[in-house]
Structure formats: structure tokens, C-alpha cells
>>> print(open('structure27.cif').read())   # mmCIF, C-alpha atoms
data_my_file
#
loop_
_atom_site.group_PDB
_atom_site.id
_atom_site.type_symbol
_atom_site.label_atom_id
_atom_site.label_comp_id
_atom_site.auth_asym_id
_atom_site.auth_seq_id
_atom_site.Cartn_x
_atom_site.Cartn_y
_atom_site.Cartn_z
ATOM 1 C CA MET A 220 103.638 107.848 64.956
ATOM 2 C CA LYS A 221 106.935 106.675 66.408
ATOM 3 C CA LYS A 222 106.749 109.337 69.123
ATOM 4 C CA LEU A 223 103.266 108.229 70.032
ATOM 5 C CA PHE A 224 104.390 104.616 70.263
ATOM 6 C CA LEU A 225 107.348 105.533 72.478
ATOM 7 C CA PHE A 226 105.127 107.675 74.659
ATOM 8 C CA ASN A 227 102.682 104.776 75.076
ATOM 9 C CA PHE A 228 105.531 102.420 75.768
ATOM 10 C CA ALA A 229 106.870 104.731 78.490
ATOM 11 C CA ILE A 230 103.477 104.882 80.188
ATOM 12 C CA MET A 231 103.056 101.129 79.955
ATOM 13 C CA ALA A 232 106.539 100.486 81.346
ATOM 14 C CA THR A 233 105.808 102.786 84.294
ATOM 15 C CA ALA A 234 102.528 100.992 84.932
ATOM 16 C CA LEU A 235 104.187 97.572 84.792
ATOM 17 C CA LEU A 236 106.964 98.626 87.125
ATOM 18 C CA ASN A 237 104.314 99.821 89.492
ATOM 19 C CA VAL A 238 102.414 96.539 89.297
ATOM 20 C CA PHE A 239 105.434 94.330 89.834
ATOM 21 C CA ALA A 240 107.334 96.425 92.379
ATOM 22 C CA ALA A 241 108.644 94.203 95.152
ATOM 23 C CA PRO A 242 107.525 94.689 98.741
ATOM 24 C CA ILE A 243 110.073 95.266 101.494
ATOM 25 C CA ASP A 244 111.048 91.715 102.362
ATOM 26 C CA SER A 245 114.455 92.170 103.957
ATOM 27 C CA TYR A 246 116.137 94.306 106.587
ATOM 28 C CA GLN A 247 118.481 95.717 103.947
ATOM 29 C CA LYS A 248 115.579 96.854 101.790
ATOM 30 C CA LEU A 249 113.886 98.341 104.828
ATOM 31 C CA THR A 250 116.887 100.408 105.902
ATOM 32 C CA SER A 251 117.622 101.408 102.323
ATOM 33 C CA ALA A 252 114.047 102.632 101.766
ATOM 34 C CA MET A 253 114.107 104.330 105.155
ATOM 35 C CA LEU A 254 117.262 106.250 104.280
ATOM 36 C CA GLU A 255 115.685 107.234 100.960
ATOM 37 C CA GLY A 256 112.883 108.803 102.994
ATOM 38 C CA LYS A 257 110.106 106.545 101.735
ATOM 39 C CA GLN A 258 106.856 106.196 103.606
ATOM 40 C CA PHE A 259 105.915 102.746 104.880
ATOM 41 C CA VAL A 260 102.843 100.798 105.726
ATOM 42 C CA PHE A 261 102.946 97.681 107.904
ATOM 43 C CA LEU A 262 100.337 94.943 107.712
ATOM 44 C CA LEU A 263 100.429 92.714 110.747
ATOM 45 C CA ASP A 264 98.492 89.467 110.605
ATOM 46 C CA GLN A 265 98.143 88.729 114.270
ATOM 47 C CA LYS A 266 96.493 85.364 113.747
ATOM 48 C CA GLN A 267 99.586 84.219 111.864
ATOM 49 C CA ILE A 268 102.176 85.544 114.294
ATOM 50 C CA ALA A 269 100.244 84.580 117.403
ATOM 51 C CA GLY A 270 98.816 81.357 116.058
ATOM 52 C CA PHE A 271 95.251 81.907 117.180
ATOM 53 C CA PRO A 272 92.409 82.088 114.655
ATOM 54 C CA GLY A 273 90.568 85.103 116.069
ATOM 55 C CA GLY A 274 93.510 87.474 115.819
ATOM 56 C CA PRO A 275 92.999 90.793 114.063
ATOM 57 C CA THR A 276 94.890 92.245 111.132
ATOM 58 C CA ARG A 277 96.600 95.541 111.859
ATOM 59 C CA TYR A 278 97.467 98.336 109.451
ATOM 60 C CA PHE A 279 100.032 100.848 110.628
ATOM 61 C CA ILE A 280 101.780 103.777 108.979
ATOM 62 C CA PRO A 281 104.815 104.747 111.087
ATOM 63 C CA THR A 282 105.771 108.398 111.205
ATOM 64 C CA THR A 283 109.043 107.893 113.076
ATOM 65 C CA MET A 284 111.613 105.100 112.932
ATOM 66 C CA GLU A 285 115.002 104.681 114.557
ATOM 67 C CA LEU A 286 117.932 102.857 113.022
ATOM 68 C CA ALA A 287 120.454 101.564 115.555
ATOM 69 C CA LEU A 288 123.719 100.393 114.068
ATOM 70 C CA ALA A 289 125.274 97.114 115.147
ATOM 71 C CA THR A 290 127.583 97.141 118.145
ATOM 72 C CA HIS A 291 129.792 94.371 119.529
ATOM 73 C CA VAL A 292 126.884 93.201 121.678
ATOM 74 C CA THR A 293 123.761 93.864 119.605
ATOM 75 C CA GLN A 294 122.930 93.467 115.952
ATOM 76 C CA GLY A 295 121.650 96.399 113.932
ATOM 77 C CA HIS A 296 117.960 97.044 114.270
ATOM 78 C CA VAL A 297 115.155 99.409 113.368
ATOM 79 C CA THR A 298 112.447 100.285 115.848
ATOM 80 C CA THR A 299 109.157 102.084 115.679
ATOM 81 C CA SER A 300 106.097 102.069 117.865
ATOM 82 C CA HIS A 301 102.510 103.123 118.059
ATOM 83 C CA LEU A 302 100.509 104.200 121.087
ATOM 84 C CA GLN A 303 96.739 104.202 120.883
ATOM 85 C CA LEU A 304 93.893 104.610 123.296
ATOM 86 C CA ILE A 305 91.517 101.678 123.403
ATOM 87 C CA ASP A 306 88.064 102.670 124.581
ATOM 88 C CA THR A 307 85.215 100.265 123.999
ATOM 89 C CA VAL A 308 82.588 102.157 126.084
ATOM 90 C CA GLN A 309 81.973 99.079 128.264
ATOM 91 C CA ASP A 310 85.558 98.832 129.529
ATOM 92 C CA THR A 311 87.904 101.263 131.210
ATOM 93 C CA PRO A 312 89.993 102.929 128.526
ATOM 94 C CA PHE A 313 93.640 101.948 128.343
ATOM 95 C CA TYR A 314 96.683 102.723 126.258
ATOM 96 C CA GLN A 315 98.081 100.031 124.025
ATOM 97 C CA SER A 316 101.633 100.366 122.811
ATOM 98 C CA ILE A 317 102.763 98.240 119.880
ATOM 99 C CA ARG A 318 106.488 98.238 119.293
ATOM 100 C CA TYR A 319 108.085 96.788 116.174
ATOM 101 C CA THR A 320 111.772 95.882 116.106
ATOM 102 C CA PHE A 321 113.327 94.723 112.838
ATOM 103 C CA TYR A 322 116.686 92.952 113.052
ATOM 104 C CA GLU A 323 119.478 92.436 110.554
ATOM 105 C CA ASP A 324 118.703 88.718 110.228
ATOM 106 C CA ASN A 325 115.149 89.648 109.084
ATOM 107 C CA THR A 326 113.556 88.619 112.356
ATOM 108 C CA VAL A 327 110.923 90.959 113.725
ATOM 109 C CA MET A 328 109.839 91.396 117.322
ATOM 110 C CA VAL A 329 106.364 92.764 117.975
ATOM 111 C CA GLN A 330 105.651 93.744 121.553
ATOM 112 C CA PHE A 331 102.247 94.700 122.966
ATOM 113 C CA THR A 332 102.138 96.579 126.257
ATOM 114 C CA SER A 333 99.076 98.088 127.934
ATOM 115 C CA TYR A 334 98.985 100.997 130.381
ATOM 116 C CA TYR A 335 96.420 102.691 132.589
ATOM 117 C CA PRO A 336 95.865 106.075 130.934
ATOM 118 C CA GLY A 337 95.662 108.129 134.145
ATOM 119 C CA SER A 338 98.860 106.888 135.783
ATOM 120 C CA PHE A 339 100.639 105.209 132.903
ATOM 121 C CA LYS A 340 101.130 102.228 135.163
ATOM 122 C CA GLN A 341 101.729 99.082 133.166
ATOM 123 C CA MET A 342 98.844 96.595 132.964
ATOM 124 C CA GLY A 343 100.292 93.099 133.268
ATOM 125 C CA ASN A 344 103.284 91.852 131.347
ATOM 126 C CA PRO A 345 104.046 92.742 127.748
ATOM 127 C CA ILE A 346 103.126 90.185 125.102
ATOM 128 C CA ILE A 347 105.983 89.501 122.714
ATOM 129 C CA TYR A 348 105.812 87.792 119.329
ATOM 130 C CA MET A 349 108.845 86.837 117.273
ATOM 131 C CA THR A 350 108.439 86.440 113.546
ATOM 132 C CA SER A 351 110.284 87.340 110.375
ATOM 133 C CA LEU A 352 109.677 89.769 107.548
ATOM 134 C CA ASP A 353 106.889 88.589 105.248
ATOM 135 C CA LYS A 354 105.740 85.995 107.765
ATOM 136 C CA GLY A 355 102.736 87.646 109.327
ATOM 137 C CA ILE A 356 104.251 91.078 108.953
ATOM 138 C CA HIS A 357 104.304 92.691 105.534
ATOM 139 C CA VAL A 358 106.063 95.978 104.921
ATOM 140 C CA LYS A 359 105.437 98.085 101.832
ATOM 141 C CA THR A 360 106.271 101.555 100.716
ATOM 142 C CA ILE A 361 103.194 103.710 100.206
ATOM 143 C CA ASP A 362 103.960 104.593 96.586
ATOM 144 C CA ARG A 363 104.178 100.911 95.692
ATOM 145 C CA ALA A 364 101.461 99.693 97.949
ATOM 146 C CA GLU A 365 98.465 99.975 95.664
ATOM 147 C CA LYS A 366 99.252 97.020 93.464
ATOM 148 C CA ASP A 367 100.756 94.594 95.972
ATOM 149 C CA ASP A 368 97.931 92.484 97.308
ATOM 150 C CA VAL A 369 98.585 90.527 100.452
ATOM 151 C CA THR A 370 96.995 87.152 100.933
ATOM 152 C CA LEU A 371 96.229 86.572 104.555
ATOM 153 C CA THR A 372 96.029 83.120 106.012
ATOM 154 C CA ASN A 373 93.079 81.872 107.999
ATOM 155 C CA MET B 122 97.104 104.441 63.007
ATOM 156 C CA LYS B 123 93.592 103.767 64.270
ATOM 157 C CA LYS B 124 94.851 100.872 66.384
ATOM 158 C CA VAL B 125 97.558 103.051 67.918
ATOM 159 C CA PHE B 126 94.970 105.717 68.619
ATOM 160 C CA LEU B 127 92.658 103.218 70.347
ATOM 161 C CA PHE B 128 95.557 101.745 72.270
ATOM 162 C CA SER B 129 96.566 105.233 73.427
ATOM 163 C CA LEU B 130 92.999 105.995 74.384
ATOM 164 C CA SER B 131 92.743 102.829 76.486
ATOM 165 C CA ILE B 132 95.986 103.636 78.314
ATOM 166 C CA MET B 133 94.877 107.205 78.911
ATOM 167 C CA THR B 134 91.501 106.067 80.203
ATOM 168 C CA ALA B 135 93.185 103.656 82.601
ATOM 169 C CA ALA B 136 95.499 106.438 83.763
ATOM 170 C CA LEU B 137 92.620 108.857 84.230
ATOM 171 C CA LEU B 138 90.599 106.261 86.097
ATOM 172 C CA ASN B 139 93.543 105.864 88.412
ATOM 173 C CA VAL B 140 93.818 109.620 88.988
ATOM 174 C CA CYS B 141 90.091 110.136 89.402
ATOM 175 C CA ALA B 142 89.650 106.971 91.482
ATOM 176 C CA ALA B 143 86.212 106.549 92.985
ATOM 177 C CA PRO B 144 85.929 107.182 96.715
ATOM 178 C CA ILE B 145 85.741 104.276 99.105
ATOM 179 C CA ASP B 146 82.020 103.764 99.514
ATOM 180 C CA SER B 147 81.790 100.239 100.869
ATOM 181 C CA TYR B 148 83.282 98.114 103.633
ATOM 182 C CA GLN B 149 84.782 95.762 101.049
ATOM 183 C CA LYS B 150 86.560 98.624 99.305
ATOM 184 C CA LEU B 151 87.827 99.896 102.650
ATOM 185 C CA THR B 152 89.307 96.577 103.777
ATOM 186 C CA SER B 153 90.705 95.943 100.308
ATOM 187 C CA ALA B 154 92.446 99.345 100.310
ATOM 188 C CA MET B 155 93.708 98.658 103.818
ATOM 189 C CA LEU B 156 95.186 95.282 102.853
ATOM 190 C CA LYS B 157 96.800 96.832 99.798
ATOM 191 C CA GLY B 158 98.460 99.318 102.141
ATOM 192 C CA GLU B 159 96.826 102.373 100.630
ATOM 193 C CA GLN B 160 96.854 105.576 102.584
ATOM 194 C CA LEU B 161 93.391 106.774 103.550
ATOM 195 C CA ALA B 162 91.770 110.071 104.421
ATOM 196 C CA PHE B 163 88.462 110.362 106.255
ATOM 197 C CA ILE B 164 86.294 113.433 105.873
ATOM 198 C CA LEU B 165 83.783 113.639 108.702
ATOM 199 C CA ASP B 166 80.708 115.841 108.706
ATOM 200 C CA LEU B 167 79.125 115.129 112.088
ATOM 201 C CA GLU B 168 76.155 117.364 111.348
ATOM 202 C CA GLU B 169 75.256 115.011 108.493
ATOM 203 C CA CYS B 170 75.629 112.087 110.900
ATOM 204 C CA GLY B 171 72.935 113.528 113.140
ATOM 205 C CA GLY B 172 75.075 115.908 115.154
ATOM 206 C CA LYS B 173 74.238 119.478 116.104
ATOM 207 C CA PRO B 174 74.088 122.088 113.342
ATOM 208 C CA GLY B 175 77.286 124.071 112.911
ATOM 209 C CA MET B 176 79.608 121.259 113.999
ATOM 210 C CA PRO B 177 82.977 121.480 112.250
ATOM 211 C CA ILE B 178 84.045 119.164 109.470
ATOM 212 C CA GLY B 179 86.908 116.882 110.438
ATOM 213 C CA TYR B 180 89.763 115.440 108.403
ATOM 214 C CA PHE B 181 91.618 112.396 109.667
ATOM 215 C CA SER B 182 94.264 110.261 107.995
ATOM 216 C CA PRO B 183 94.526 107.112 110.124
ATOM 217 C CA SER B 184 97.962 105.707 110.837
ATOM 218 C CA ALA B 185 96.555 102.527 112.318
ATOM 219 C CA ILE B 186 93.510 100.415 111.513
ATOM 220 C CA THR B 187 92.608 97.053 113.014
ATOM 221 C CA LEU B 188 90.516 94.532 111.144
ATOM 222 C CA PHE B 189 88.753 92.080 113.458
ATOM 223 C CA PRO B 190 87.419 88.826 112.043
ATOM 224 C CA ALA B 191 83.885 87.782 112.917
ATOM 225 C CA THR B 192 83.281 85.915 116.146
ATOM 226 C CA GLU B 193 80.155 84.160 117.413
ATOM 227 C CA SER B 194 78.884 87.359 118.999
ATOM 228 C CA VAL B 195 80.472 90.170 116.970
ATOM 229 C CA PRO B 196 80.464 90.554 113.184
ATOM 230 C CA GLU B 197 83.626 91.338 111.246
ATOM 231 C CA HIS B 198 84.566 94.978 111.625
ATOM 232 C CA ALA B 199 87.418 97.438 111.247
ATOM 233 C CA THR B 200 88.312 100.092 113.781
ATOM 234 C CA THR B 201 90.535 103.111 113.984
ATOM 235 C CA SER B 202 90.721 105.987 116.408
ATOM 236 C CA ASN B 203 92.378 109.295 117.070
ATOM 237 C CA LEU B 204 93.345 110.893 120.354
ATOM 238 C CA GLN B 205 94.257 114.540 120.299
ATOM 239 C CA PHE B 206 95.072 117.111 122.906
ATOM 240 C CA ILE B 207 92.874 120.199 122.901
ATOM 241 C CA ASN B 208 92.438 123.263 125.049
ATOM 242 C CA HIS B 209 88.793 122.978 125.998
ATOM 243 C CA SER B 210 87.713 126.316 127.507
ATOM 244 C CA GLY B 211 91.075 126.672 129.214
ATOM 245 C CA SER B 212 91.224 123.096 130.466
ATOM 246 C CA PRO B 213 93.719 120.631 129.006
ATOM 247 C CA THR B 214 91.582 117.921 127.489
ATOM 248 C CA TYR B 215 91.924 114.823 125.370
ATOM 249 C CA GLU B 216 89.430 114.385 122.570
ATOM 250 C CA TYR B 217 88.977 110.816 121.466
ATOM 251 C CA ILE B 218 87.170 109.711 118.354
ATOM 252 C CA LYS B 219 86.710 106.133 117.298
ATOM 253 C CA PHE B 220 85.400 104.829 113.973
ATOM 254 C CA THR B 221 83.977 101.319 113.625
ATOM 255 C CA PHE B 222 83.108 100.066 110.157
ATOM 256 C CA TYR B 223 80.820 97.089 109.620
ATOM 257 C CA LEU B 224 80.195 94.712 106.713
ATOM 258 C CA ASP B 225 76.793 96.250 105.935
ATOM 259 C CA ASN B 226 78.520 99.647 105.460
ATOM 260 C CA THR B 227 77.261 101.091 108.715
ATOM 261 C CA VAL B 228 79.729 103.207 110.617
ATOM 262 C CA VAL B 229 79.647 103.898 114.342
ATOM 263 C CA ILE B 230 81.470 107.030 115.430
ATOM 264 C CA GLN B 231 82.155 107.475 119.113
ATOM 265 C CA THR B 232 83.449 110.709 120.612
ATOM 266 C CA SER B 233 84.641 111.080 124.211
ATOM 267 C CA PHE B 234 86.452 113.749 126.190
ATOM 268 C CA TYR B 235 88.863 113.211 129.083
ATOM 269 C CA GLU B 236 90.570 115.531 131.551
ATOM 270 C CA ALA B 237 94.208 115.445 130.475
ATOM 271 C CA PRO B 238 95.882 115.316 133.909
ATOM 272 C CA ASN B 239 93.957 112.300 135.262
ATOM 273 C CA PHE B 240 92.097 110.867 132.298
ATOM 274 C CA LYS B 241 88.734 111.250 134.008
ATOM 275 C CA GLN B 242 85.975 111.204 131.419
ATOM 276 C CA ILE B 243 84.115 114.471 130.866
ATOM 277 C CA GLY B 244 80.424 113.769 130.374
ATOM 278 C CA GLU B 245 79.288 110.759 128.420
ATOM 279 C CA SER B 246 80.459 109.485 125.078
ATOM 280 C CA HIS B 247 78.453 110.512 122.039
ATOM 281 C CA ILE B 248 77.697 107.809 119.529
ATOM 282 C CA TYR B 249 76.657 108.502 115.950
ATOM 283 C CA THR B 250 75.519 105.681 113.709
ATOM 284 C CA THR B 251 75.683 106.384 110.014
ATOM 285 C CA SER B 252 76.790 104.685 106.817
ATOM 286 C CA LEU B 253 79.686 105.116 104.440
ATOM 287 C CA GLY B 254 79.049 108.105 102.187
ATOM 288 C CA LYS B 255 76.644 109.735 104.629
ATOM 289 C CA GLY B 256 78.611 112.180 106.720
ATOM 290 C CA ILE B 257 81.721 109.996 106.555
ATOM 291 C CA TYR B 258 83.672 109.983 103.318
ATOM 292 C CA ILE B 259 86.845 107.997 102.691
ATOM 293 C CA LYS B 260 89.364 108.763 99.995
ATOM 294 C CA THR B 261 92.758 107.426 99.028
ATOM 295 C CA PRO B 262 95.000 110.474 98.600
ATOM 296 C CA ALA B 263 97.972 108.344 97.532
ATOM 297 C CA ARG B 264 96.272 107.512 94.246
ATOM 298 C CA ALA B 265 96.071 111.134 93.248
ATOM 299 C CA GLU B 266 99.871 111.397 93.273
ATOM 300 C CA LYS B 267 100.114 108.991 90.359
ATOM 301 C CA SER B 268 99.000 111.455 87.719
ATOM 302 C CA TYR B 269 100.274 111.296 84.201
ATOM 303 C CA THR B 270 100.847 114.560 82.426
ATOM 304 C CA PHE B 271 99.828 114.539 78.820
ATOM 305 C CA PRO B 272 101.145 117.251 76.524
ATOM 306 C CA PRO B 273 98.313 119.567 75.524
ATOM 307 C CA GLY B 274 96.592 118.294 72.400
ATOM 308 C CA TRP B 275 99.014 115.418 72.030
ATOM 309 C CA MET B 276 96.339 113.105 70.697
ATOM 310 C CA LEU B 277 95.241 115.565 68.031
ATOM 311 C CA ARG B 278 98.630 116.080 66.488
ATOM 312 C CA PRO B 279 98.872 114.723 62.974
ATOM 313 C CA HIS B 280 101.424 111.944 62.471
#
>>> encode(input="structure27.cif", output="C-alpha cells")
Amino acid sequence: MKKLFLFNFAIMATALLNVFAAPIDSYQKLTSAMLEGKQFVFLLDQKQIAGFPGGPTRYFIPTTMELALATHVTQGHVTTSHLQLIDTVQDTPFYQSIRYTFYEDNTVMVQFTSYYPGSFKQMGNPIIYMTSLDKGIHVKTIDRAEKDDVTLTN
Amino acid sequence: MKKVFLFSLSIMTAALLNVCAAPIDSYQKLTSAMLKGEQLAFILDLEECGGKPGMPIGYFSPSAITLFPATESVPEHATTSNLQFINHSGSPTYEYIKFTFYLDNTVVIQTSFYEAPNFKQIGESHIYTTSLGKGIYIKTPARAEKSYTFPPGWMLRPH
């Protein structure tokens, strides 16, 4: 009887820890989870960071990240990026690169750059958004992600 | 004793439901899973989507999905795509596949091929229109990792 109770209690405690696990809301947590080898998912609310209502919400699972330690001229930062082909049938296909840079002071830079796929010539100037962790960009670890709902603003 | 048994049963059921989670069979479930940050796996059977018989079955775990809100001319939808390099009859080629999911559960799958050196399109794009659960199946593999191991016959042991 006691064993059964303890067993139930252990399962319940695991479930509760899972439900209330905190998302990655600071640079320190990000680098710590990164060095533990955890997998991440980013949720980028472009209407919040860009301030226009029609902006999409982006989901991204990075497979590579780079941690650059602070130097006397730059603060420590983590970078990752994603390159995807955008082909809408009507338009000429182009590459879109989205680069995320996380800084020690919890600010995040998101940079969008487009390229012609044949030549890799840049199309126009990059678009850069500055925000901070948990303000339009939410980072979670995959094993925790299931229970952490994100409320997106309109 | 009975209460403990029922309590155990309810926990086990919840755990099993988590392990044997239902597949994602609607647009709402897809966007909900996306916003929860769940990892997804698509199983694509193009033959079932109206493609030629004998077409291979594809597996794709998207690393990026974009959810577009509705506009005056376009309904809300979610898109993801994959670009992979293939050797197409000796020619270096890019194969592009794009998935667009709509609120009414329809899915548009677009496939295109490009010459790798210059990105010139080879032929025309093929477009398949289907619905979730018909040739395109979505699962959340991350859920399966959260399995609880119960000792054999643990519930039947007398206490």
C-alpha cells in the first residue's frame, strides 16, 4: 500500500514538474541548456517584434548554435540561423535567411536577409529587429515544450 | 484501498494517453502543437494524395513552420518546406517540397525541381491538394519519449 502510494506520488511529481517547467527566459538559461545538449524550439511572433498586425508566427528548431564568449569589445552571444527557399509558384523563388543572435543582456537580434537562389546575390537590405527574450521570441527546450502554452498578442 | 486503486488507474490512463497520443488530424491541433513547441513528423504518401502509383513514402520533420494570420484575400494558413539536394539521373538537382495547411484541414503539397548550378526550374511544379489524414499524416514523436515504465503486474500485487 505504502509502495503504491509512493509510486503514484513519484509519477505525479514528475508530471507536475513537467507542467510547471520554466521556459528559457534568460541568456544564462539558454547557454546552460545549450551546454547540457538540450534541443530547442523558438517561437517568433513577428507581429509583436515588428509591430505590424499581419506578421506571421514562426516556429524554428535550430540544429546548430554557436556560443561566442565575451571579449573586450563585444559581449557574449549565441547565434543560429535558418536558410529556407521561398517559392510561392507566382513569384521567383528566393532564399530567406533568418539569423538569431542572443546577447548576455537578454536582448535578441533577428535579421532577415533574402538572396537570389541562382547567384546568391543579396536582394535589398537586411531587415533587423531588436527585441528581448520572451518579448516576441519564446525559447523552450523540446522535452519541456509540450506543457508550456504561449499566448500570442494580436 | 479501492480509492488508491482508482487513483492509480487514473494516473496510468493519463500516462498511457500521453504515450499513445492521437495523431494530429486537424489544423487546430497542428497550430496548437506548433505553438506549444512540439516536435512534429510528417509522413507523406503522395500516391494517396493522387500521385502516380509506386511513388515513395516520405518522412519529414520540419525545423521551421510559419503561421500566417488571415488577410482580406488569403485565409489563415501554416506553411513549411524542405529543400534537399538529390542526384537526379546524374544531374545535381534540388528537390523542393512545400506544405500549406488551411483552416478547413485541406493541405496543398507543391513539389518542384531545380538545376543545382543555376537554380533553373526543371519542368513545372506539381501540386497535390488533399486533407489531413489522407496521404499526409502528422505525429508528435516527442510525446512518445515520455513513457512511464510500470513494473509487470504491479497493479495486481496484493498489499
>>> atom_distance(input="structure27.cif", atom1="CA of Met328 in chain A", atom2="CA of Ser316 in chain A")
13.3 Å
>>> resolve_selection(input="structure27.cif", expression="the PyMOL selection byres ((chain B and resi 165-179) around 8)", output="list in words")
Phe163, Ile164, Tyr180, Phe181, Tyr249, Thr250, Thr251, Lys255, Gly256, Ile257 and Tyr258 of chain B
>>> atom_distance(input="structure27.cif", atom1="CA of Thr326 in chain A", atom2="CA of Glu255 in chain A")
21.9 Å
>>> closest_residue(input="structure27.cif", among="B:Gln160, B:Ser212, B:Asn226, B:Gln149", to="chain A", atoms="all atoms listed in the file")
B:Gln160
>>> closest_residue(input="structure27.cif", among="A:Pro272, A:Pro345, A:Gly355, A:Gly295", to="chain B", atoms="only C-alpha atoms")
A:Pro272
>>> closest_residue(input="structure27.cif", among="B:Ala237, B:Val228, B:Ala162, B:Val195", to="chain A", atoms="all atoms listed in the file")
B:Ala237
>>> interface_residues(input="structure27.cif", of="chain B", to="chain A", cutoff="7 Å", atoms="all atoms listed in the file", output="PDB file with C-alpha atoms, in the coordinates of the input")
ATOM      1  CA  SER B 129      96.566 105.233  73.427  1.00  0.00           C
ATOM      2  CA  MET B 155      93.708  98.658 103.818  1.00  0.00           C
ATOM      3  CA  LEU B 156      95.186  95.282 102.853  1.00  0.00           C
ATOM      4  CA  LYS B 157      96.800  96.832  99.798  1.00  0.00           C
ATOM      5  CA  GLY B 158      98.460  99.318 102.141  1.00  0.00           C
ATOM      6  CA  GLU B 159      96.826 102.373 100.630  1.00  0.00           C
ATOM      7  CA  SER B 184      97.962 105.707 110.837  1.00  0.00           C
ATOM      8  CA  ALA B 185      96.555 102.527 112.318  1.00  0.00           C
ATOM      9  CA  ILE B 186      93.510 100.415 111.513  1.00  0.00           C
ATOM     10  CA  THR B 187      92.608  97.053 113.014  1.00  0.00           C
ATOM     11  CA  LEU B 188      90.516  94.532 111.144  1.00  0.00           C
ATOM     12  CA  PHE B 189      88.753  92.080 113.458  1.00  0.00           C
ATOM     13  CA  PRO B 190      87.419  88.826 112.043  1.00  0.00           C
ATOM     14  CA  LEU B 204      93.345 110.893 120.354  1.00  0.00           C
ATOM     15  CA  ASN B 239      93.957 112.300 135.262  1.00  0.00           C
ATOM     16  CA  PHE B 240      92.097 110.867 132.298  1.00  0.00           C
ATOM     17  CA  HIS B 280     101.424 111.944  62.471  1.00  0.00           C
TER      18      HIS B 280
END
>>> residues_around(input="structure27.cif", residues="Phe222 in chain B", least_positions_apart="3", cutoff="7 Å", atoms="all atoms listed in the file", output="PyMOL selection string")
chain B and resi 148+198-200+226-229
>>> atom_distance(input="structure27.cif", atom1="CA of Pro242 in chain A", atom2="CA of Leu224 in chain B")
28.5 Å
>>> axis_aligned_box(input="structure27.cif", around="range 334-347 of chain A", padding_each_side="6 Å", output="JSON")
{"center_x": 100.8, "center_y": 98.8, "center_z": 129.2, "size_x": 22.3, "size_y": 30.6, "size_z": 25.1}
